[in-house]
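Enquirer: This is query-v8.txt (compact mmCIF, N, CA and C atoms).
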# COMPACT_ATOMS: atom_id res chain seq x y z
N MET K 1 12.96 20.29 8.80
CA MET K 1 12.51 18.90 8.80
C MET K 1 13.54 18.03 8.08
N MET K 2 13.91 16.95 8.70
CA MET K 2 14.84 16.01 8.10
C MET K 2 14.11 15.21 7.02
N SER K 3 14.77 14.88 5.94
CA SER K 3 14.17 14.10 4.85
C SER K 3 14.56 12.63 4.99
N ALA K 4 13.85 11.78 4.27
CA ALA K 4 14.18 10.35 4.25
C ALA K 4 15.61 10.16 3.77
N TYR K 5 16.03 10.94 2.80
CA TYR K 5 17.40 10.84 2.30
C TYR K 5 18.39 11.16 3.42
N SER K 6 18.17 12.25 4.13
CA SER K 6 19.07 12.64 5.23
C SER K 6 19.09 11.59 6.33
N GLU K 7 17.93 11.03 6.65
CA GLU K 7 17.87 9.98 7.67
C GLU K 7 18.68 8.77 7.26
N LEU K 8 18.57 8.39 6.00
CA LEU K 8 19.33 7.25 5.51
C LEU K 8 20.83 7.52 5.58
N VAL K 9 21.26 8.66 5.09
CA VAL K 9 22.68 9.01 5.12
C VAL K 9 23.20 9.01 6.55
N GLU K 10 22.40 9.52 7.48
CA GLU K 10 22.80 9.55 8.90
C GLU K 10 22.90 8.14 9.47
N TYR K 11 22.08 7.20 9.01
CA TYR K 11 22.06 5.82 9.51
C TYR K 11 23.25 5.01 9.01
N LEU K 12 23.81 5.40 7.89
CA LEU K 12 24.93 4.64 7.33
C LEU K 12 26.15 4.70 8.23
N GLU K 13 26.90 3.61 8.25
CA GLU K 13 28.16 3.56 8.99
C GLU K 13 29.22 4.35 8.23
N PRO K 14 30.26 4.83 8.90
CA PRO K 14 31.33 5.54 8.19
C PRO K 14 31.90 4.70 7.03
N GLY K 15 31.95 5.29 5.86
CA GLY K 15 32.49 4.62 4.68
C GLY K 15 31.53 3.67 3.98
N GLU K 16 30.35 3.44 4.54
CA GLU K 16 29.37 2.54 3.93
C GLU K 16 28.72 3.23 2.74
N THR K 17 28.53 2.51 1.64
CA THR K 17 27.93 3.10 0.45
C THR K 17 26.69 2.33 0.02
N VAL K 18 25.68 3.06 -0.43
CA VAL K 18 24.44 2.47 -0.91
C VAL K 18 24.66 2.01 -2.35
N GLU K 19 24.35 0.75 -2.61
CA GLU K 19 24.47 0.20 -3.96
C GLU K 19 23.15 0.21 -4.71
N ALA K 20 22.04 0.05 -3.99
CA ALA K 20 20.72 0.02 -4.63
C ALA K 20 19.64 0.25 -3.59
N ILE K 21 18.51 0.77 -4.07
CA ILE K 21 17.32 0.96 -3.23
C ILE K 21 16.11 0.55 -4.03
N ILE K 22 15.20 -0.17 -3.38
CA ILE K 22 13.95 -0.60 -4.01
C ILE K 22 12.80 -0.12 -3.13
N PHE K 23 11.91 0.66 -3.71
CA PHE K 23 10.73 1.15 -2.99
C PHE K 23 9.56 0.21 -3.21
N GLY K 24 8.79 0.01 -2.15
CA GLY K 24 7.55 -0.74 -2.21
C GLY K 24 6.39 0.19 -1.96
N PRO K 25 5.29 -0.34 -1.45
CA PRO K 25 4.10 0.48 -1.19
C PRO K 25 4.31 1.44 -0.02
N TRP K 26 3.45 2.43 0.04
CA TRP K 26 3.43 3.40 1.14
C TRP K 26 2.68 2.80 2.31
N GLY K 27 3.23 2.97 3.50
CA GLY K 27 2.54 2.58 4.74
C GLY K 27 2.10 1.14 4.76
N TRP K 28 0.84 0.93 5.13
CA TRP K 28 0.29 -0.41 5.19
C TRP K 28 -0.29 -0.85 3.84
N GLY K 29 -0.02 -0.11 2.79
CA GLY K 29 -0.52 -0.46 1.47
C GLY K 29 0.11 -1.74 0.95
N SER K 30 -0.36 -2.17 -0.19
CA SER K 30 0.20 -3.37 -0.81
C SER K 30 0.32 -3.15 -2.31
N ALA K 31 1.19 -3.91 -2.91
CA ALA K 31 1.37 -3.84 -4.35
C ALA K 31 0.15 -4.45 -5.03
N PRO K 32 -0.23 -3.92 -6.19
CA PRO K 32 -1.39 -4.48 -6.89
C PRO K 32 -1.11 -5.88 -7.41
N SER K 33 -2.15 -6.65 -7.54
CA SER K 33 -2.01 -8.00 -8.10
C SER K 33 -2.90 -8.15 -9.32
N ASP K 34 -2.67 -9.20 -10.05
CA ASP K 34 -3.51 -9.55 -11.21
C ASP K 34 -3.63 -8.42 -12.23
N GLY K 35 -2.53 -7.70 -12.47
CA GLY K 35 -2.53 -6.66 -13.50
C GLY K 35 -3.30 -5.41 -13.15
N LYS K 36 -3.75 -5.28 -11.91
CA LYS K 36 -4.47 -4.08 -11.50
C LYS K 36 -3.49 -2.93 -11.34
N SER K 37 -3.99 -1.70 -11.33
CA SER K 37 -3.11 -0.54 -11.18
C SER K 37 -2.93 -0.21 -9.71
N TRP K 38 -1.88 0.58 -9.44
CA TRP K 38 -1.57 1.00 -8.08
C TRP K 38 -2.64 1.95 -7.55
N ASP K 39 -2.86 1.91 -6.25
CA ASP K 39 -3.64 2.91 -5.53
C ASP K 39 -2.69 3.56 -4.53
N SER K 40 -2.88 4.85 -4.30
CA SER K 40 -2.09 5.52 -3.27
C SER K 40 -2.38 4.91 -1.92
N GLY K 41 -1.37 4.84 -1.07
CA GLY K 41 -1.55 4.33 0.29
C GLY K 41 -2.23 5.35 1.17
N TYR K 42 -2.75 4.89 2.30
CA TYR K 42 -3.40 5.77 3.26
C TYR K 42 -2.43 6.88 3.66
N SER K 43 -2.81 8.12 3.49
CA SER K 43 -2.06 9.33 3.81
C SER K 43 -0.82 9.54 2.94
N GLU K 44 -0.70 8.80 1.84
CA GLU K 44 0.43 9.02 0.94
C GLU K 44 0.30 10.39 0.29
N PRO K 45 1.37 11.17 0.26
CA PRO K 45 1.30 12.51 -0.34
C PRO K 45 0.83 12.47 -1.79
N ASP K 46 0.21 13.55 -2.22
CA ASP K 46 -0.24 13.69 -3.60
C ASP K 46 0.36 14.98 -4.15
N PRO K 47 1.17 14.91 -5.19
CA PRO K 47 1.51 13.72 -5.97
C PRO K 47 2.43 12.79 -5.19
N THR K 48 2.42 11.53 -5.57
CA THR K 48 3.22 10.54 -4.87
C THR K 48 4.71 10.82 -5.09
N PRO K 49 5.50 10.86 -4.01
CA PRO K 49 6.93 11.11 -4.16
C PRO K 49 7.64 10.05 -5.01
N VAL K 50 7.24 8.78 -4.84
CA VAL K 50 7.81 7.70 -5.65
C VAL K 50 6.76 7.29 -6.66
N PRO K 51 6.99 7.57 -7.94
CA PRO K 51 5.99 7.21 -8.95
C PRO K 51 5.71 5.70 -8.95
N PHE K 52 4.48 5.36 -9.26
CA PHE K 52 4.08 3.95 -9.25
C PHE K 52 4.97 3.10 -10.15
N ASP K 53 5.37 3.64 -11.30
CA ASP K 53 6.16 2.83 -12.24
C ASP K 53 7.61 2.62 -11.80
N LEU K 54 8.03 3.26 -10.70
CA LEU K 54 9.39 3.05 -10.18
C LEU K 54 9.40 2.17 -8.93
N ARG K 55 8.25 1.74 -8.48
CA ARG K 55 8.19 0.85 -7.32
C ARG K 55 8.53 -0.57 -7.76
N GLY K 56 9.33 -1.23 -6.96
CA GLY K 56 9.78 -2.57 -7.32
C GLY K 56 10.93 -2.56 -8.30
N LYS K 57 11.45 -1.39 -8.61
CA LYS K 57 12.58 -1.25 -9.54
C LYS K 57 13.86 -1.01 -8.75
N VAL K 58 14.95 -1.55 -9.24
CA VAL K 58 16.26 -1.32 -8.62
C VAL K 58 16.75 0.05 -9.05
N LEU K 59 16.95 0.95 -8.07
CA LEU K 59 17.38 2.33 -8.34
C LEU K 59 18.70 2.61 -7.64
N THR K 60 19.46 3.51 -8.21
CA THR K 60 20.64 4.02 -7.51
C THR K 60 20.17 5.03 -6.48
N LEU K 61 21.02 5.30 -5.50
CA LEU K 61 20.67 6.31 -4.50
C LEU K 61 20.55 7.68 -5.16
N GLU K 62 21.39 7.95 -6.15
CA GLU K 62 21.33 9.23 -6.84
C GLU K 62 19.98 9.42 -7.54
N ARG K 63 19.45 8.36 -8.12
CA ARG K 63 18.14 8.46 -8.79
C ARG K 63 17.02 8.58 -7.76
N ALA K 64 17.18 7.92 -6.62
CA ALA K 64 16.14 7.92 -5.59
C ALA K 64 16.13 9.20 -4.76
N GLU K 65 17.27 9.87 -4.63
CA GLU K 65 17.38 11.01 -3.73
C GLU K 65 16.29 12.07 -3.93
N PRO K 66 15.99 12.51 -5.15
CA PRO K 66 14.94 13.54 -5.30
C PRO K 66 13.57 13.08 -4.81
N MET K 67 13.32 11.78 -4.80
CA MET K 67 12.04 11.24 -4.36
C MET K 67 11.96 11.11 -2.84
N MET K 68 13.07 11.39 -2.15
CA MET K 68 13.16 11.16 -0.71
C MET K 68 13.24 12.46 0.09
N GLN K 69 12.81 13.57 -0.49
CA GLN K 69 12.99 14.87 0.15
C GLN K 69 11.78 15.37 0.93
N THR K 70 10.58 14.85 0.69
CA THR K 70 9.37 15.42 1.29
C THR K 70 8.70 14.53 2.34
N TRP K 71 9.37 13.47 2.74
CA TRP K 71 8.82 12.55 3.75
C TRP K 71 9.98 11.99 4.56
N ARG K 72 9.64 11.25 5.63
CA ARG K 72 10.66 10.70 6.53
C ARG K 72 10.45 9.20 6.72
N PHE K 73 11.53 8.49 7.04
CA PHE K 73 11.43 7.07 7.41
C PHE K 73 10.97 6.92 8.85
N ASN K 74 11.46 7.74 9.74
CA ASN K 74 11.16 7.63 11.17
C ASN K 74 9.89 8.39 11.49
N GLY K 75 8.90 7.67 11.99
CA GLY K 75 7.62 8.32 12.27
C GLY K 75 7.02 7.88 13.58
N GLY K 76 5.94 8.55 13.95
CA GLY K 76 5.24 8.25 15.19
C GLY K 76 4.25 7.11 15.04
N PHE K 77 3.42 6.94 16.04
CA PHE K 77 2.46 5.84 16.04
C PHE K 77 1.30 6.12 15.10
N GLY K 78 0.62 5.05 14.70
CA GLY K 78 -0.47 5.13 13.73
C GLY K 78 -0.01 4.48 12.43
N ALA K 79 -0.72 4.75 11.37
CA ALA K 79 -0.33 4.18 10.07
C ALA K 79 1.05 4.70 9.67
N PRO K 80 1.95 3.84 9.20
CA PRO K 80 3.27 4.29 8.79
C PRO K 80 3.19 5.34 7.68
N ASP K 81 3.97 6.40 7.80
CA ASP K 81 4.01 7.47 6.81
C ASP K 81 5.32 7.42 6.03
N CYS K 82 5.61 6.26 5.45
CA CYS K 82 6.81 6.11 4.64
C CYS K 82 6.62 4.90 3.73
N TYR K 83 7.59 4.72 2.84
CA TYR K 83 7.57 3.59 1.92
C TYR K 83 8.26 2.38 2.53
N ALA K 84 7.78 1.20 2.20
CA ALA K 84 8.53 -0.02 2.46
C ALA K 84 9.74 0.03 1.52
N VAL K 85 10.90 -0.37 2.02
CA VAL K 85 12.11 -0.33 1.20
C VAL K 85 13.02 -1.50 1.51
N ARG K 86 13.89 -1.79 0.57
CA ARG K 86 15.08 -2.59 0.79
C ARG K 86 16.22 -1.75 0.24
N ILE K 87 17.19 -1.51 1.10
CA ILE K 87 18.34 -0.69 0.73
C ILE K 87 19.57 -1.59 0.86
N TYR K 88 20.27 -1.77 -0.25
CA TYR K 88 21.44 -2.64 -0.29
C TYR K 88 22.70 -1.78 -0.26
N THR K 89 23.53 -1.99 0.75
CA THR K 89 24.80 -1.28 0.82
C THR K 89 25.92 -2.29 0.58
N ASP K 90 27.13 -1.81 0.61
CA ASP K 90 28.27 -2.71 0.46
C ASP K 90 28.45 -3.60 1.68
N ARG K 91 27.69 -3.34 2.76
CA ARG K 91 27.83 -4.11 4.01
C ARG K 91 26.55 -4.76 4.51
N ARG K 92 25.41 -4.10 4.27
CA ARG K 92 24.16 -4.53 4.90
C ARG K 92 22.99 -4.45 3.94
N VAL K 93 21.89 -5.06 4.40
CA VAL K 93 20.57 -4.81 3.81
C VAL K 93 19.79 -4.07 4.89
N ILE K 94 19.20 -2.94 4.51
CA ILE K 94 18.46 -2.08 5.44
C ILE K 94 16.99 -2.07 5.02
N TRP K 95 16.10 -2.04 5.99
CA TRP K 95 14.67 -1.94 5.72
C TRP K 95 14.02 -1.12 6.83
N VAL K 96 12.77 -0.78 6.63
CA VAL K 96 11.99 -0.09 7.65
C VAL K 96 11.20 -1.15 8.41
N THR K 97 11.26 -1.06 9.71
CA THR K 97 10.44 -1.93 10.53
C THR K 97 9.46 -1.04 11.29
N GLN K 98 8.34 -1.61 11.70
CA GLN K 98 7.36 -0.80 12.41
C GLN K 98 6.71 -1.60 13.52
N TYR K 99 6.36 -0.88 14.55
CA TYR K 99 5.60 -1.43 15.65
C TYR K 99 4.45 -0.47 15.90
N ASP K 100 3.23 -0.91 15.65
CA ASP K 100 2.05 -0.08 15.82
C ASP K 100 2.18 1.23 15.05
N GLY K 101 2.85 1.15 13.92
CA GLY K 101 3.00 2.31 13.06
C GLY K 101 4.25 3.12 13.31
N ALA K 102 4.88 3.00 14.49
CA ALA K 102 6.14 3.72 14.73
C ALA K 102 7.21 3.07 13.88
N THR K 103 7.87 3.85 13.04
CA THR K 103 8.80 3.30 12.07
C THR K 103 10.23 3.72 12.35
N GLY K 104 11.14 2.89 11.92
CA GLY K 104 12.56 3.16 12.03
C GLY K 104 13.33 2.12 11.25
N PHE K 105 14.62 2.32 11.10
CA PHE K 105 15.45 1.40 10.34
C PHE K 105 15.82 0.16 11.14
N ASP K 106 16.01 -0.91 10.41
CA ASP K 106 16.61 -2.13 10.92
C ASP K 106 17.51 -2.64 9.81
N SER K 107 18.45 -3.51 10.14
CA SER K 107 19.36 -4.00 9.11
C SER K 107 19.96 -5.33 9.52
N SER K 108 20.60 -5.95 8.54
CA SER K 108 21.30 -7.20 8.76
C SER K 108 22.53 -7.19 7.86
N PRO K 109 23.62 -7.83 8.28
CA PRO K 109 24.77 -7.92 7.40
C PRO K 109 24.38 -8.61 6.08
N ARG K 110 25.00 -8.18 4.99
CA ARG K 110 24.72 -8.81 3.69
C ARG K 110 25.22 -10.23 3.64
N ASN K 111 26.26 -10.52 4.39
CA ASN K 111 26.85 -11.85 4.39
C ASN K 111 27.00 -12.33 5.83
N PRO K 112 26.99 -13.65 6.03
CA PRO K 112 27.18 -14.15 7.38
C PRO K 112 28.51 -13.67 7.95
N GLN K 113 28.50 -13.31 9.25
CA GLN K 113 29.75 -12.90 9.87
C GLN K 113 29.74 -13.27 11.34
N GLU K 114 30.89 -13.72 11.80
CA GLU K 114 31.06 -14.05 13.21
C GLU K 114 30.85 -12.79 14.05
N GLY K 115 30.25 -12.96 15.19
CA GLY K 115 30.06 -11.84 16.10
C GLY K 115 28.75 -11.09 15.90
N PHE K 116 28.05 -11.34 14.79
CA PHE K 116 26.75 -10.69 14.58
C PHE K 116 25.74 -11.37 15.48
N MET K 117 25.03 -10.58 16.29
CA MET K 117 24.04 -11.15 17.20
C MET K 117 22.65 -10.74 16.75
N PRO K 118 21.83 -11.69 16.25
CA PRO K 118 20.47 -11.35 15.85
C PRO K 118 19.65 -10.86 17.04
N ASP K 119 18.71 -9.96 16.74
CA ASP K 119 17.80 -9.47 17.75
C ASP K 119 16.36 -9.71 17.27
N MET K 120 15.40 -9.34 18.10
CA MET K 120 13.99 -9.53 17.78
C MET K 120 13.36 -8.17 17.55
N PRO K 121 13.23 -7.72 16.27
CA PRO K 121 12.63 -6.41 16.04
C PRO K 121 11.16 -6.39 16.43
N GLY K 122 10.64 -5.19 16.64
CA GLY K 122 9.23 -5.03 16.98
C GLY K 122 9.05 -4.79 18.45
N GLY K 123 7.88 -5.22 18.95
CA GLY K 123 7.43 -5.01 20.31
C GLY K 123 8.48 -5.04 21.32
What does this structure look like when you write it as structure tokens?
Expert:
Amino acid sequence: MMSAYSELVEYLEPGETVEAIIFGPWGWGSAPSDGKSWDSGYSEPDPTPVPFDLRGKVLTLERAEPMMQTWRFNGGFGAPDCYAVRIYTDRRVIWVTQYDGATGFDSSPRNPQEGFMPDMPGG
């Protein structure tokens, strides 16, 4: 089984390096508000691969790698079985997009550049 870490490394362009990764909630979950504590997302593994106190924190890829070994970014239909993320590389910002629960990577250049053609993610 491929891990989220392996999927990310495979998605990177040759020579592209990850500068930071920020994990959000699992699947369709949401971050707690008003000082409430986190709840595990629907079908989130137990114990949670990404501890609640590290969500919303800027992490290096090296620190995040051990947390990315037991789940995948790319999944089938239904509730997403991965974390919401923002991954900052030296070239792009990468995130997970989903359509009816099917998940996969999407990205945009970090800076405006000629020749970049925006697309319409989703459906």
Enquirer: Could you find all residues in range 13-98 of chain K that DSSP calls strand (DSSP E or B) from the backbone, and write them as a list in words?
Expert: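 DSSP on the backbone gives strand (DSSP E or B) at Val18, Glu19, Ala20, Ile21, Ile22, Phe23, Gly24, Pro25, Trp26, Leu59, Gly75, Tyr83, Ala84, Val85, Arg86, Ile87, Tyr88, Thr89, Arg92, Val93, Ile94, Trp95, Val96, Thr97 and Gln98 of chain K.
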Enquirer: Calculate how many Å separate CA of Asp34 in chain K from CA of Leu54 in chain K, rounding to one decimal.
Expert: 18.1 Å
Enquirer: Which of these residues is nearest to Glu44 in chain K, using only N, CA and C atoms: K:Ile22, K:Val96, K:Cys82, K:Ala64?
Expert: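 Among K:Ile22, K:Val96, K:Cys82, K:Ala64, it is K:Cys82 that comes nearest to Glu44 in chain K.
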Enquirer: State, in Å with one decimal place, the distance from atom N of Arg91 in chain K to atom C of Pro14 in chain K.
Expert: 10.0 Å
Enquirer: Write out as a list in words the residues lying within 8 Å of range 72-78 of chain K, counting only N, CA and C atoms and excluding same-chain residues fewer than 6 positions away.
Expert: Met2, Ser3, Ala4, Tyr5, Glu7, Leu8, Val96, Tyr99, Asp100, Gly101, Ala102, Thr103, Gly104 and Phe105 of chain K
Enquirer: Enumerate the residues of chain K with a DSSP assignment of alpha helix (DSSP H), computed from the backbone, and present them as a list of chain:residue names.
Expert: K:Ala4, K:Tyr5, K:Ser6, K:Glu7, K:Leu8, K:Val9, K:Glu10, K:Tyr11, K:Leu61, K:Glu62, K:Arg63, K:Ala64
Enquirer: Save out the residues we just selected, N, CA and C atoms, as a compact mmCIF listing (two decimals), in the frame of the given file.
Expert:
# COMPACT_ATOMS: atom_id res chain seq x y z
N ALA K 4 13.85 11.78 4.27
CA ALA K 4 14.18 10.35 4.25
C ALA K 4 15.61 10.16 3.77
N TYR K 5 16.03 10.94 2.80
CA TYR K 5 17.40 10.84 2.30
C TYR K 5 18.39 11.16 3.42
N SER K 6 18.17 12.25 4.13
CA SER K 6 19.07 12.64 5.23
C SER K 6 19.09 11.59 6.33
N GLU K 7 17.93 11.03 6.65
CA GLU K 7 17.87 9.98 7.67
C GLU K 7 18.68 8.77 7.26
N LEU K 8 18.57 8.39 6.00
CA LEU K 8 19.33 7.25 5.51
C LEU K 8 20.83 7.52 5.58
N VAL K 9 21.26 8.66 5.09
CA VAL K 9 22.68 9.01 5.12
C VAL K 9 23.20 9.01 6.55
N GLU K 10 22.40 9.52 7.48
CA GLU K 10 22.80 9.55 8.90
C GLU K 10 22.90 8.14 9.47
N TYR K 11 22.08 7.20 9.01
CA TYR K 11 22.06 5.82 9.51
C TYR K 11 23.25 5.01 9.01
N LEU K 61 21.02 5.30 -5.50
CA LEU K 61 20.67 6.31 -4.50
C LEU K 61 20.55 7.68 -5.16
N GLU K 62 21.39 7.95 -6.15
CA GLU K 62 21.33 9.23 -6.84
C GLU K 62 19.98 9.42 -7.54
N ARG K 63 19.45 8.36 -8.12
CA ARG K 63 18.14 8.46 -8.79
C ARG K 63 17.02 8.58 -7.76
N ALA K 64 17.18 7.92 -6.62
CA ALA K 64 16.14 7.92 -5.59
C ALA K 64 16.13 9.20 -4.76
Enquirer: Would you mind reading off the distance between atom C of Pro121 in chain K and atom N of Trp26 in chain K, one decimal, in Å?
Expert: 20.1 Å
Enquirer: Calculate, to one decimal in Å, the centre and edge lengths of the box along x, y and z of the file that holds all listed atoms of range 104-118 of chain K with 4 Å of margin on each side, and present them as JSON.
Expert:
{"center_x": 21.1, "center_y": -5.5, "center_z": 10.4, "size_x": 27.9, "size_y": 25.3, "size_z": 21.6}
